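Enquirer: A single structure is presented below for examination.
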Amino acid sequence: MSHADPIAEPSADLSNAALVRRMLALAWKYRFGCLQIIALQGVLLVLSVVGLTMLGTAIDVIRHAAVAGSPSPNFPFGWTPPSEWTPYRVALVAAGTVLVVGLVRALFSFWLAIVVARVVQLGIVVALRSLVYDKLQRLGFRFFDRHTTGSIINRVTGDVQSVRLFVDGVVIPVIMVLLSLVLYFVYMLRLHVGLTLACLATMPVTWLLSVRFSRKVRPAYERNRDLVDRMVLTLTENVRGVHVVKGFGREPEEIAKFDQASGAVRTQQHWIFEQVSRYTPTVEMLSSLNQAVLLGYGGWLVIQGALPLGGGLIVFSGLLQQFSSQVTRVAGIINSVQQSLTGARRVFEIVDAPVEISSPASPVRLPKIAGELVFENVSFGYDPTKPVLRNVSLTIKPGQCVALVGATGAGKTSLLSLIPRFYDPTAGRVLLDGVDLRQFELDELRRSIGVVFQESFLFSDTIAANIAFGRPDATPEQVEAAARIASADEFICEYPQGYETKLREGGSNLSGGQRQRLAIARALLLSPPILLMDDPTAAVDPRTEHEILDAMQSAMQGRTTIVVAHRLSMLRRADLVLVLDDGEIVDQGTHEELMHRPGPYRKAARIQVDFNEPEPLERAS
Ligand code: CTP
Ligand code: MG
């Protein structure tokens with residue numbers, strides 16, 4: 001399988017047989033709806049045969065009346081018209097029946113459409129979509145590192161449709177095709193055995209053709225999904241990166257990139273289309289061969305008087321047409337099988353993806369978290385072969401304020417992300433109050449840690465709702481108190497709607513510093529025993545930074561705080577400074593201590609002193 005983003009370690013059996021089994025189980029869940037659909041389709045099938053029979057009878061009646069010496073009609077369903085009826089009246093009754101049958105058919109078709117919509121679109125699709133979405137909420141960061149946004153979105157929206165295709169495009173049609181083939185076949189045999197065999201002689205060829213066709217087209221459908229993923233990726237990146245694209249005047253290149261992705265999809269679809277266009281006429285040609293046999297042999301039978309014209313030849317011709325259209329449907333069904341297998345694999349990849357980070361069966365509960373953090377020989381890498389943190393050991397006492405410094409790429413963000421278990425260490429362990437993090441209930445652990453990310457994400461909701469994201473039950477007073485500490489209160493109140501101001505997608509109607517202050521307020525509102533801040537003041541001017549730091553001084557009281565920081569003003573306030581270089585702790589101590597010994601810290605700090613503080617700390621080496 002060549003996916004745009006294959007899962008490195010497929011967790012479960014995703015072979016075709018296993019997938020079919022799982023989808024059958026899914027259909028079984030909806031068996032009552034499916035049975036209803038099949039029953040309705042069965043009624044429609046019978047009605048169409050009844051209508052056809054009535055048509056044939058009417059023709060025989062008319063012929064008998066019009067052509068002297070023609071055979072008398074056979075009436076179907078064991079019914080004979082009273083002898084005083086004129087042939088015209090019989091024909092009218094037949095016509096009336098055809099009309100009524102048509103009306104009833106229309107009603108049943110309408111009913112069928114409603115049932116299909118209810119079972120399939122409102123039942124299966126919605127259930128699957130929320131299953132996948134639910135799973136996405138529980139999956140770890142590793143999963144999102146590995147999969148592109150486009151592919152994930154496609155799986156939730158498009159591929160889920162492929163799974164439902166298995167129910168309404170495979171399971172139900174297979175049953176219907178089998179039922180109708182048997183019905184038509186038996187009816188044709190009853191009309192004339194020899195004619196049936198002669199006319200069906202080409203069916204195996206049609207069948208073989210359809211099987212060969214779908215074999216050829218199957219891989220193309222799989223490839224098609226990948227290409228669509230790539231196109232969506234290009235699109236999402238372009239939309240999300242619109243500032244960068246425009247800022248660098250790269251619109252033409254971006255257009256070319258999208259054209260290329262879209263062109264690849266088009267070429268691929270064109271190829272599929274070509275195959276379909278070649279296949280359909282061939283099958284149609286075969287069916288006209290059938291019609292020729294029917295007219296030649298069947299016509300002779302009618303002339304010989306061995307077969308009635310209407311009830312025999314005409315009905316037979318209708319049945320034959322239906323029969324071959326069912327046989328050609330087989331190709332469509334096989335196609336749907338392929339398409340749904342491809343989609344199902346992508347959906348179940350998410351459903352089955354191992355939740356690498358989860359709560360233990362019997363988690364340890366702490367009455368109150370003091371906030372002591374210990375790293376014991378912790379190593380970590382996003383790719384296990386490329387360590388980002390190496391053998392990190394450190395102890396942070398409860399309530400301490402720790403500053404983390406280091407060059408870009410040193411592993412600061414990575415170190416922080418181990419504490420709320422966004423990732424687990426590849427070796428060693430992280431302890432909170434002496435207990436391995438992996439022994440806590442995950443939600444409980446995360447609720448006791450406030451995180452301000454390096455790039456904060458805001459939702460398209462009100463400011464108040466964004467601040468209260470981790471504590472939806474917070475009162476407006478609590479929200480405002482948190483905002484005041486993060487010195488966000490001032491700018492929020494400048495909006496006419498204040499805290500009820502709606503943010504645009506991603507908070508794009510705020511400045512970078514304002515976004516960051518909301519993120520700080522959001523973390524503070526949790527009132528967590530542990531506070532992690534990844535460069536929280538990177539996007540604010542030095543004056544605001546002082547304000548935030550001063551305000552936060554009180555917020556940090558009694559909390560263990562780890563701050564990724566570059567500026568001396570922050571570093572001076574810290575109880576402990578950890579110097580990280582290339583994934584290793586190379587030095588630690590207070591700002592004063594570190595300034596008194598030669599090393600990367602003093603060297604970097606001196607640059608800032610020279611520049612009179614406003615400059616961020618340069619690379620620490
Ligand atoms: N990295 C990675 N996969 C990620 C995130 C990071 O492979 N999902 C790698 C980066 O390429 C980098 C290393 O991990 O080499 C450390 O990254 P990080 O901890 O984010 O570095 P920081 O010290 O936080 O750098 P910065 O100051 O730029 O934020
Ligand atoms: Mg970082």
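Please note that chains go A, B, ... in the order of the structure tokens, that every chain numbers its residues from 1, and that ligands are numbered from 1 in the order shown.
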Mind checking DSSP for stretch 227-432 of chain A and telling me the strand (DSSP E or B) residues as a ChimeraX atom specification?
Expert: /A:364,373-380,383,386,389-396,401-406,427-432
Enquirer: Quick one: write out the picked residues with C-alpha atoms as a compact mmCIF listing (two decimals), in the first residue's frame?
Expert:
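Output below, filename part_22.txt:
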# COMPACT_ATOMS: atom_id res chain seq x y z
CA VAL A 364 -2.38 6.58 41.62
CA LEU A 373 9.34 17.29 39.53
CA VAL A 374 12.20 14.87 39.00
CA PHE A 375 13.71 13.77 35.69
CA GLU A 376 15.66 10.53 36.04
CA ASN A 377 18.05 9.84 33.15
CA VAL A 378 15.43 10.87 30.68
CA SER A 379 16.09 10.39 26.99
CA PHE A 380 13.61 11.23 24.31
CA ASP A 383 12.17 9.47 16.03
CA LYS A 386 17.41 10.43 16.82
CA LEU A 389 16.99 14.83 24.90
CA ARG A 390 19.87 12.80 26.25
CA ASN A 391 20.15 11.50 29.75
CA VAL A 392 18.54 14.47 31.39
CA SER A 393 18.45 14.34 35.19
CA LEU A 394 17.13 17.19 37.28
CA THR A 395 15.15 17.95 40.41
CA ILE A 396 12.71 20.80 40.80
CA CYS A 401 10.49 28.85 39.60
CA VAL A 402 12.83 27.36 37.04
CA ALA A 403 14.04 29.05 33.90
CA LEU A 404 15.06 26.94 30.94
CA VAL A 405 17.54 28.47 28.53
CA GLY A 406 19.20 27.14 25.43
CA ALA A 427 14.23 5.96 28.38
CA GLY A 428 14.23 7.00 32.02
CA ARG A 429 11.28 8.44 33.85
CA VAL A 430 9.69 11.64 35.00
CA LEU A 431 8.33 11.75 38.55
CA LEU A 432 5.78 14.08 40.07
Enquirer: Would you pick out the contacts of stretch 287-289 of chain A at 8 Å or less, using only C-alpha atoms, so that residues sharing its chain but fewer than 3 positions from it are not included, and give the list as a PyMOL selection string?
Expert: chain A and resi 283-284+292-293+321+324
Enquirer: Can you check which parts of chain A lie within 8 Å of ligand 1? Per residue, the shortest pair of atoms and distance in Å to one decimal, counting only C-alpha atoms and all ligand atoms, sorted by chain and number, as CSV.
Expert:
residue,atom,partner,partner_atom_place_in_ligand_line,distance
A:Arg142,CA,ligand 1,8 (N),7.8
A:Asp145,CA,ligand 1,8 (N),5.9
A:Gly381,CA,ligand 1,7 (O),7.2
A:Tyr382,CA,ligand 1,7 (O),5.2
A:Asp383,CA,ligand 1,7 (O),6.8
A:Val388,CA,ligand 1,13 (C),5.3
A:Leu389,CA,ligand 1,16 (C),7.9
A:Gly406,CA,ligand 1,23 (O),6.3
A:Ala407,CA,ligand 1,27 (O),5.9
A:Thr408,CA,ligand 1,27 (O),3.5
A:Gly409,CA,ligand 1,21 (O),3.5
A:Ala410,CA,ligand 1,23 (O),3.9
A:Gly411,CA,ligand 1,19 (O),3.1
A:Lys412,CA,ligand 1,23 (O),3.7
A:Thr413,CA,ligand 1,24 (O),3.6
A:Ser414,CA,ligand 1,19 (O),3.6
A:Leu415,CA,ligand 1,19 (O),6.4
A:Gln454,CA,ligand 1,29 (O),7.0
A:Asp534,CA,ligand 1,24 (O),7.8
A:Asp535,CA,ligand 1,29 (O),7.9
A:Leu580,CA,ligand 1,23 (O),8.0
A:Asp582,CA,ligand 1,16 (C),8.0
A:Gly583,CA,ligand 1,16 (C),7.4
Enquirer: Go ahead and write the residues just picked, C-alpha atoms, as a compact mmCIF listing (two decimals), in the first residue's frame.
Expert:
# COMPACT_ATOMS: atom_id res chain seq x y z
CA ARG A 142 2.91 11.32 17.68
CA ASP A 145 3.26 14.44 13.86
CA GLY A 381 13.32 11.47 20.55
CA TYR A 382 10.45 12.05 18.15
CA ASP A 383 12.17 9.47 16.03
CA VAL A 388 16.45 15.07 21.15
CA LEU A 389 16.99 14.83 24.90
CA GLY A 406 19.20 27.14 25.43
CA ALA A 407 19.72 27.75 21.77
CA THR A 408 16.94 27.17 19.32
CA GLY A 409 16.48 23.45 18.72
CA ALA A 410 18.18 22.58 22.03
CA GLY A 411 15.11 20.65 23.16
CA LYS A 412 13.38 23.09 25.54
CA THR A 413 9.90 22.59 24.14
CA SER A 414 10.51 18.87 24.00
CA LEU A 415 11.53 18.78 27.66
CA GLN A 454 5.19 28.66 22.30
CA ASP A 534 7.20 28.09 26.64
CA ASP A 535 8.70 31.49 25.97
CA LEU A 580 20.15 23.07 27.87
CA ASP A 582 21.77 19.93 22.22
CA GLY A 583 19.50 17.84 24.41
Enquirer: Determine which residues of stretch 468-558 of chain A DSSP labels as helix (DSSP H, G or I) from the backbone of this structure, then write them out as a ChimeraX atom specification.
Expert: /A:476-485,489-494,498-500,505-507,512-525,542-556
Enquirer: Quick one: write out the picked residues with N, CA and C atoms as a compact mmCIF listing (two decimals), in the first residue's frame?
Expert:
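Once written, again_15.txt looks like this:
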# COMPACT_ATOMS: atom_id res chain seq x y z
N PRO A 476 -17.45 34.54 35.58
CA PRO A 476 -16.87 35.70 34.89
C PRO A 476 -15.82 36.40 35.75
N GLU A 477 -16.03 36.42 37.08
CA GLU A 477 -15.05 37.07 37.96
C GLU A 477 -13.71 36.34 37.91
N GLN A 478 -13.80 35.01 37.93
CA GLN A 478 -12.55 34.23 37.87
C GLN A 478 -11.84 34.47 36.54
N VAL A 479 -12.62 34.50 35.46
CA VAL A 479 -12.02 34.73 34.14
C VAL A 479 -11.32 36.09 34.14
N GLU A 480 -11.99 37.11 34.69
CA GLU A 480 -11.40 38.45 34.69
C GLU A 480 -10.17 38.52 35.58
N ALA A 481 -10.21 37.82 36.70
CA ALA A 481 -9.05 37.82 37.59
C ALA A 481 -7.84 37.22 36.87
N ALA A 482 -8.06 36.11 36.17
CA ALA A 482 -6.96 35.47 35.43
C ALA A 482 -6.45 36.43 34.37
N ALA A 483 -7.36 37.11 33.69
CA ALA A 483 -6.95 38.03 32.63
C ALA A 483 -6.15 39.19 33.20
N ARG A 484 -6.52 39.63 34.40
CA ARG A 484 -5.79 40.75 35.01
C ARG A 484 -4.36 40.33 35.32
N ILE A 485 -4.20 39.14 35.87
CA ILE A 485 -2.85 38.68 36.19
C ILE A 485 -2.00 38.60 34.92
N ASP A 489 -6.41 42.13 30.72
CA ASP A 489 -7.67 42.80 31.06
C ASP A 489 -7.81 44.13 30.31
N GLU A 490 -6.71 44.88 30.30
CA GLU A 490 -6.74 46.23 29.74
C GLU A 490 -7.18 46.22 28.28
N PHE A 491 -6.53 45.41 27.47
CA PHE A 491 -6.88 45.45 26.03
C PHE A 491 -8.24 44.81 25.78
N ILE A 492 -8.63 43.86 26.61
CA ILE A 492 -9.94 43.23 26.41
C ILE A 492 -11.04 44.26 26.63
N CYS A 493 -10.86 45.08 27.66
CA CYS A 493 -11.91 46.05 28.00
C CYS A 493 -12.01 47.17 26.97
N GLU A 494 -11.00 47.29 26.11
CA GLU A 494 -11.09 48.31 25.07
C GLU A 494 -12.08 47.91 23.97
N GLY A 498 -16.12 43.74 25.12
CA GLY A 498 -15.28 43.23 26.21
C GLY A 498 -15.01 41.74 26.10
N TYR A 499 -15.32 41.03 27.16
CA TYR A 499 -15.02 39.60 27.21
C TYR A 499 -15.88 38.77 26.26
N GLU A 500 -16.96 39.38 25.78
CA GLU A 500 -17.84 38.65 24.86
C GLU A 500 -17.44 38.87 23.41
N GLU A 505 -11.07 33.03 13.45
CA GLU A 505 -10.37 31.75 13.41
C GLU A 505 -8.90 31.93 13.80
N GLY A 506 -8.44 31.15 14.80
CA GLY A 506 -7.06 31.23 15.23
C GLY A 506 -6.75 32.53 15.96
N GLY A 507 -7.75 33.29 16.31
CA GLY A 507 -7.53 34.56 17.00
C GLY A 507 -6.80 35.56 16.13
N GLY A 512 0.06 39.32 18.23
CA GLY A 512 0.75 38.15 18.78
C GLY A 512 0.83 38.23 20.30
N GLY A 513 1.16 39.42 20.83
CA GLY A 513 1.27 39.59 22.28
C GLY A 513 -0.06 39.42 22.98
N GLN A 514 -1.12 39.92 22.34
CA GLN A 514 -2.45 39.77 22.94
C GLN A 514 -2.86 38.30 22.99
N ARG A 515 -2.58 37.60 21.91
CA ARG A 515 -2.90 36.16 21.89
C ARG A 515 -2.18 35.46 23.02
N GLN A 516 -0.90 35.81 23.18
CA GLN A 516 -0.10 35.15 24.20
C GLN A 516 -0.64 35.44 25.59
N ARG A 517 -1.11 36.68 25.81
CA ARG A 517 -1.63 37.01 27.13
C ARG A 517 -2.92 36.26 27.42
N LEU A 518 -3.73 36.05 26.39
CA LEU A 518 -4.94 35.23 26.60
C LEU A 518 -4.55 33.80 26.95
N ALA A 519 -3.50 33.32 26.29
CA ALA A 519 -3.05 31.95 26.57
C ALA A 519 -2.56 31.83 28.00
N ILE A 520 -1.89 32.88 28.47
CA ILE A 520 -1.41 32.85 29.86
C ILE A 520 -2.60 32.86 30.81
N ALA A 521 -3.58 33.70 30.52
CA ALA A 521 -4.77 33.75 31.36
C ALA A 521 -5.46 32.39 31.39
N ARG A 522 -5.50 31.75 30.24
CA ARG A 522 -6.14 30.43 30.14
C ARG A 522 -5.44 29.43 31.05
N ALA A 523 -4.10 29.49 31.07
CA ALA A 523 -3.36 28.55 31.91
C ALA A 523 -3.54 28.89 33.38
N LEU A 524 -3.55 30.20 33.69
CA LEU A 524 -3.65 30.60 35.10
C LEU A 524 -5.01 30.28 35.70
N LEU A 525 -6.03 30.31 34.85
CA LEU A 525 -7.39 30.07 35.34
C LEU A 525 -7.53 28.67 35.93
N PRO A 542 9.35 44.82 25.60
CA PRO A 542 9.97 44.71 26.93
C PRO A 542 9.12 45.32 28.05
N ARG A 543 8.39 46.42 27.74
CA ARG A 543 7.60 47.06 28.79
C ARG A 543 6.48 46.12 29.23
N THR A 544 5.74 45.58 28.26
CA THR A 544 4.65 44.66 28.57
C THR A 544 5.20 43.43 29.25
N GLU A 545 6.39 43.02 28.82
CA GLU A 545 6.98 41.84 29.43
C GLU A 545 7.17 42.07 30.93
N HIS A 546 7.67 43.26 31.27
CA HIS A 546 7.85 43.58 32.69
C HIS A 546 6.53 43.52 33.41
N GLU A 547 5.49 44.05 32.77
CA GLU A 547 4.17 44.03 33.39
C GLU A 547 3.71 42.60 33.63
N ILE A 548 3.86 41.79 32.59
CA ILE A 548 3.41 40.40 32.71
C ILE A 548 4.20 39.69 33.80
N LEU A 549 5.52 39.88 33.77
CA LEU A 549 6.36 39.17 34.74
C LEU A 549 6.02 39.61 36.16
N ASP A 550 5.83 40.91 36.34
CA ASP A 550 5.47 41.40 37.67
C ASP A 550 4.17 40.77 38.14
N ALA A 551 3.20 40.80 37.22
CA ALA A 551 1.89 40.27 37.59
C ALA A 551 1.98 38.79 37.87
N MET A 552 2.78 38.12 37.07
CA MET A 552 2.84 36.66 37.22
C MET A 552 3.59 36.26 38.47
N GLN A 553 4.42 37.17 38.94
CA GLN A 553 5.17 36.88 40.16
C GLN A 553 4.22 36.36 41.24
N SER A 554 3.07 37.03 41.35
CA SER A 554 2.13 36.58 42.38
C SER A 554 1.44 35.30 41.96
N ALA A 555 1.20 35.15 40.64
CA ALA A 555 0.54 33.93 40.17
C ALA A 555 1.42 32.71 40.39
N MET A 556 2.73 32.94 40.34
CA MET A 556 3.65 31.80 40.47
C MET A 556 3.78 31.35 41.91
Enquirer: Residues at most 12 Å from A:Gln304, counting only C-alpha atoms, excluding those fewer than 5 positions away in the same chain, as a compact mmCIF listing (two decimals) with N, CA and C atoms, in the first residue's frame?
Expert:
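Contents of the output file out_8.txt:
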# COMPACT_ATOMS: atom_id res chain seq x y z
N SER A 70 -54.80 -15.26 -34.66
CA SER A 70 -53.65 -15.26 -33.74
C SER A 70 -54.06 -15.98 -32.45
N PRO A 71 -53.07 -16.55 -31.75
CA PRO A 71 -53.39 -17.37 -30.57
C PRO A 71 -54.07 -16.54 -29.47
N TYR A 297 -34.00 -16.17 -32.68
CA TYR A 297 -34.52 -17.43 -32.19
C TYR A 297 -35.94 -17.26 -31.65
N GLY A 298 -36.12 -16.22 -30.83
CA GLY A 298 -37.43 -15.97 -30.22
C GLY A 298 -38.49 -15.65 -31.27
N GLY A 299 -38.10 -14.83 -32.27
CA GLY A 299 -39.04 -14.49 -33.34
C GLY A 299 -39.51 -15.75 -34.06
N LEU A 309 -46.49 -13.77 -28.34
CA LEU A 309 -45.71 -12.57 -28.65
C LEU A 309 -45.54 -11.68 -27.41
Enquirer: Find the residues around stretch 180-184 of chain A up to 12 Å (only C-alpha atoms counted), leave out those fewer than 2 positions away in its own chain, and share them as number ranges by chain.
Expert: A: 38, 41-50, 52, 173-178, 186-191, 196, 200, 203, 315-330
Enquirer: Take the residues just selected and output them with N, CA and C atoms as a CSV table (one decimal), in the first residue's frame.
Expert:
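result.csv written:
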chain,number,residue,atom,x,y,z
A,38,ILE,N,-33.9,-4.0,2.0
A,38,ILE,CA,-34.0,-5.2,1.1
A,38,ILE,C,-35.4,-5.5,0.8
A,41,GLN,N,-36.8,-3.0,-1.6
A,41,GLN,CA,-36.3,-3.3,-2.9
A,41,GLN,C,-36.9,-4.5,-3.5
A,42,GLY,N,-37.1,-5.5,-2.7
A,42,GLY,CA,-37.8,-6.8,-3.1
A,42,GLY,C,-39.2,-6.5,-3.7
A,43,VAL,N,-39.9,-5.6,-3.0
A,43,VAL,CA,-41.3,-5.3,-3.4
A,43,VAL,C,-41.2,-4.6,-4.8
A,44,LEU,N,-40.2,-3.7,-4.9
A,44,LEU,CA,-40.0,-2.9,-6.2
A,44,LEU,C,-39.7,-3.9,-7.3
A,45,LEU,N,-38.9,-4.9,-7.0
A,45,LEU,CA,-38.5,-5.9,-8.0
A,45,LEU,C,-39.7,-6.6,-8.5
A,46,VAL,N,-40.5,-7.1,-7.5
A,46,VAL,CA,-41.7,-7.9,-7.9
A,46,VAL,C,-42.7,-7.0,-8.7
A,47,LEU,N,-42.8,-5.8,-8.2
A,47,LEU,CA,-43.7,-4.9,-9.0
A,47,LEU,C,-43.3,-4.7,-10.4
A,48,SER,N,-42.0,-4.6,-10.6
A,48,SER,CA,-41.5,-4.3,-12.0
A,48,SER,C,-41.8,-5.6,-12.9
A,49,VAL,N,-41.7,-6.8,-12.3
A,49,VAL,CA,-42.0,-8.0,-13.0
A,49,VAL,C,-43.5,-8.0,-13.3
A,50,VAL,N,-44.3,-7.6,-12.3
A,50,VAL,CA,-45.7,-7.6,-12.5
A,50,VAL,C,-46.1,-6.7,-13.7
A,52,LEU,N,-44.3,-5.7,-16.1
A,52,LEU,CA,-43.9,-6.2,-17.4
A,52,LEU,C,-44.8,-7.3,-17.9
A,173,PRO,N,-26.8,-4.3,-2.4
A,173,PRO,CA,-26.8,-4.6,-3.8
A,173,PRO,C,-26.5,-6.1,-4.1
A,174,VAL,N,-25.6,-6.7,-3.4
A,174,VAL,CA,-25.2,-8.1,-3.6
A,174,VAL,C,-26.5,-9.0,-3.4
A,175,ILE,N,-27.1,-8.7,-2.3
A,175,ILE,CA,-28.4,-9.5,-2.0
A,175,ILE,C,-29.4,-9.2,-3.1
A,176,MET,N,-29.6,-8.0,-3.5
A,176,MET,CA,-30.6,-7.7,-4.5
A,176,MET,C,-30.2,-8.3,-5.8
A,177,VAL,N,-29.0,-8.2,-6.2
A,177,VAL,CA,-28.6,-8.8,-7.5
A,177,VAL,C,-28.9,-10.3,-7.5
A,178,LEU,N,-28.5,-11.0,-6.4
A,178,LEU,CA,-28.7,-12.4,-6.3
A,178,LEU,C,-30.2,-12.7,-6.4
A,186,VAL,N,-35.6,-17.8,-13.2
A,186,VAL,CA,-36.7,-18.7,-13.1
A,186,VAL,C,-37.9,-18.4,-14.0
A,187,TYR,N,-38.2,-17.1,-14.1
A,187,TYR,CA,-39.3,-16.6,-15.0
A,187,TYR,C,-38.9,-16.9,-16.4
A,188,MET,N,-37.7,-16.6,-16.8
A,188,MET,CA,-37.3,-16.9,-18.2
A,188,MET,C,-37.4,-18.4,-18.5
A,189,LEU,N,-36.9,-19.2,-17.6
A,189,LEU,CA,-36.9,-20.7,-17.8
A,189,LEU,C,-38.4,-21.1,-18.0
A,190,ARG,N,-39.3,-20.5,-17.2
A,190,ARG,CA,-40.7,-20.9,-17.3
A,190,ARG,C,-41.3,-20.5,-18.7
A,191,LEU,N,-40.7,-19.4,-19.2
A,191,LEU,CA,-41.2,-19.0,-20.5
A,191,LEU,C,-40.7,-19.9,-21.6
A,196,THR,N,-33.9,-19.3,-23.1
A,196,THR,CA,-33.1,-18.8,-22.0
A,196,THR,C,-31.7,-19.1,-22.1
A,200,LEU,N,-28.6,-16.4,-22.6
A,200,LEU,CA,-27.7,-16.2,-21.5
A,200,LEU,C,-26.2,-16.7,-21.8
A,203,MET,N,-23.5,-14.3,-21.1
A,203,MET,CA,-23.3,-13.8,-19.7
A,203,MET,C,-22.0,-14.0,-19.1
A,315,VAL,N,-42.1,-10.0,-22.9
A,315,VAL,CA,-41.7,-10.1,-21.5
A,315,VAL,C,-40.3,-10.6,-21.4
A,316,PHE,N,-40.0,-11.6,-22.2
A,316,PHE,CA,-38.6,-12.2,-22.2
A,316,PHE,C,-37.6,-11.1,-22.5
A,317,SER,N,-37.9,-10.3,-23.5
A,317,SER,CA,-36.9,-9.2,-23.8
A,317,SER,C,-36.7,-8.3,-22.6
A,318,GLY,N,-37.8,-7.9,-22.0
A,318,GLY,CA,-37.7,-7.1,-20.8
A,318,GLY,C,-36.9,-7.7,-19.7
A,319,LEU,N,-37.1,-9.0,-19.5
A,319,LEU,CA,-36.4,-9.8,-18.4
A,319,LEU,C,-34.9,-9.8,-18.8
A,320,LEU,N,-34.7,-10.1,-20.0
A,320,LEU,CA,-33.3,-10.2,-20.5
A,320,LEU,C,-32.5,-9.0,-20.2
A,321,GLN,N,-33.2,-7.8,-20.6
A,321,GLN,CA,-32.5,-6.6,-20.4
A,321,GLN,C,-32.2,-6.3,-18.9
A,322,GLN,N,-33.2,-6.7,-18.0
A,322,GLN,CA,-33.0,-6.5,-16.6
A,322,GLN,C,-31.8,-7.4,-16.1
A,323,PHE,N,-31.9,-8.7,-16.7
A,323,PHE,CA,-30.9,-9.6,-16.3
A,323,PHE,C,-29.5,-9.1,-16.6
A,324,SER,N,-29.3,-8.6,-17.8
A,324,SER,CA,-27.9,-8.2,-18.1
A,324,SER,C,-27.5,-6.9,-17.4
A,325,SER,N,-28.5,-6.1,-17.1
A,325,SER,CA,-28.1,-4.9,-16.3
A,325,SER,C,-27.7,-5.3,-14.9
A,326,GLN,N,-28.3,-6.4,-14.4
A,326,GLN,CA,-27.9,-6.9,-13.1
A,326,GLN,C,-26.5,-7.4,-13.1
A,327,VAL,N,-26.2,-8.2,-14.2
A,327,VAL,CA,-24.9,-8.8,-14.4
A,327,VAL,C,-23.8,-7.7,-14.5
A,328,THR,N,-24.1,-6.6,-15.2
A,328,THR,CA,-23.1,-5.5,-15.3
A,328,THR,C,-23.0,-4.8,-14.0
A,329,ARG,N,-24.1,-4.8,-13.2
A,329,ARG,CA,-24.0,-4.1,-11.9
A,329,ARG,C,-22.9,-4.8,-11.0
A,330,VAL,N,-22.6,-6.1,-11.4
A,330,VAL,CA,-21.6,-6.8,-10.6
A,330,VAL,C,-20.3,-6.0,-10.6
Enquirer: Enumerate, in order of chain and increasing residue number, the residues of stretch 42-129 of chain A with an atom no farther than 7 Å from stretch 152-171 of chain A, each with its shortest atom pair and distance in Å to one decimal, counting only C-alpha atoms, as a tab-separated table.
Expert:
residue	atom	partner	partner_atom	distance
A:Val120	CA	A:Arg164	CA	6.6
A:Ile124	CA	A:Arg164	CA	6.4
A:Val125	CA	A:Arg164	CA	6.3
A:Leu128	CA	A:Val160	CA	6.5
A:Arg129	CA	A:Val156	CA	5.9
Enquirer: Could the residues in this selection be written to a file with C-alpha atoms, as a CSV table (one decimal), in the first residue's frame?
Expert:
chain,number,residue,atom,x,y,z
A,120,VAL,CA,-27.0,5.2,5.9
A,124,ILE,CA,-23.8,4.8,9.7
A,125,VAL,CA,-22.0,7.9,8.5
A,128,LEU,CA,-18.5,6.5,12.0
A,129,ARG,CA,-17.6,10.1,11.8
Enquirer: For A:Arg572, find every residue with an atom within 8 Å (counting only C-alpha atoms), except residues of its own chain fewer than 2 positions away, and show them as a list in words.
Expert: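 The residues satisfying every condition are Leu568, Ser569, Met570, Ala574, Thr590, His591 and Glu592 of chain A.
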Enquirer: What's the 12 Å shell around A:Ala117, counting only C-alpha atoms, without same-chain residues fewer than 3 positions away, as a ChimeraX atom specification?
Expert: /A:33-34,37,110-114,120-126,164,168
Enquirer: What is the distance, in Å and to one decimal place, between atom CA of A:Met54 and atom CA of A:Leu179?
Expert: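 Between atom CA of A:Met54 and atom CA of A:Leu179 the gap works out to 21.3 Å.
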Enquirer: Got a sec: who's within 7 Å of A:Phe258, counting only C-alpha atoms, leaving out chain neighbours fewer than 4 positions off, as JSON, numbers by chain?
Expert: {"A": [231, 234, 254, 262]}
Enquirer: Take the residues just selected and output them with all heavy atoms as a short mmCIF file (atom, residue, chain, number, x, y, z; two decimals), in the first residue's frame.
Expert:
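What landed in result-v1.cif:
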data_model
loop_
_atom_site.label_atom_id
_atom_site.label_comp_id
_atom_site.auth_asym_id
_atom_site.auth_seq_id
_atom_site.Cartn_x
_atom_site.Cartn_y
_atom_site.Cartn_z
N MET A 231 -3.55 17.05 -2.68
CA MET A 231 -4.15 18.29 -3.16
C MET A 231 -4.71 19.08 -1.97
O MET A 231 -4.49 20.29 -1.86
CB MET A 231 -5.25 17.98 -4.17
CG MET A 231 -5.85 19.20 -4.80
SD MET A 231 -7.05 18.75 -6.05
CE MET A 231 -8.44 18.26 -5.05
N THR A 234 -1.97 20.73 0.00
CA THR A 234 -1.49 21.96 -0.63
C THR A 234 -2.45 23.10 -0.33
O THR A 234 -2.04 24.21 -0.01
CB THR A 234 -1.40 21.76 -2.16
OG1 THR A 234 -0.79 20.51 -2.41
CG2 THR A 234 -0.61 22.86 -2.81
N GLU A 254 2.73 29.12 -5.70
CA GLU A 254 1.69 28.38 -4.99
C GLU A 254 0.60 27.93 -5.95
O GLU A 254 0.09 26.82 -5.85
CB GLU A 254 1.08 29.26 -3.88
CG GLU A 254 1.97 29.37 -2.67
CD GLU A 254 2.19 28.04 -1.96
OE1 GLU A 254 1.19 27.42 -1.56
OE2 GLU A 254 3.34 27.61 -1.84
N SER A 262 -3.55 19.32 -8.43
CA SER A 262 -4.88 19.13 -9.00
C SER A 262 -4.79 18.42 -10.34
O SER A 262 -5.61 17.58 -10.68
CB SER A 262 -5.54 20.50 -9.12
OG SER A 262 -6.48 20.50 -10.13
#
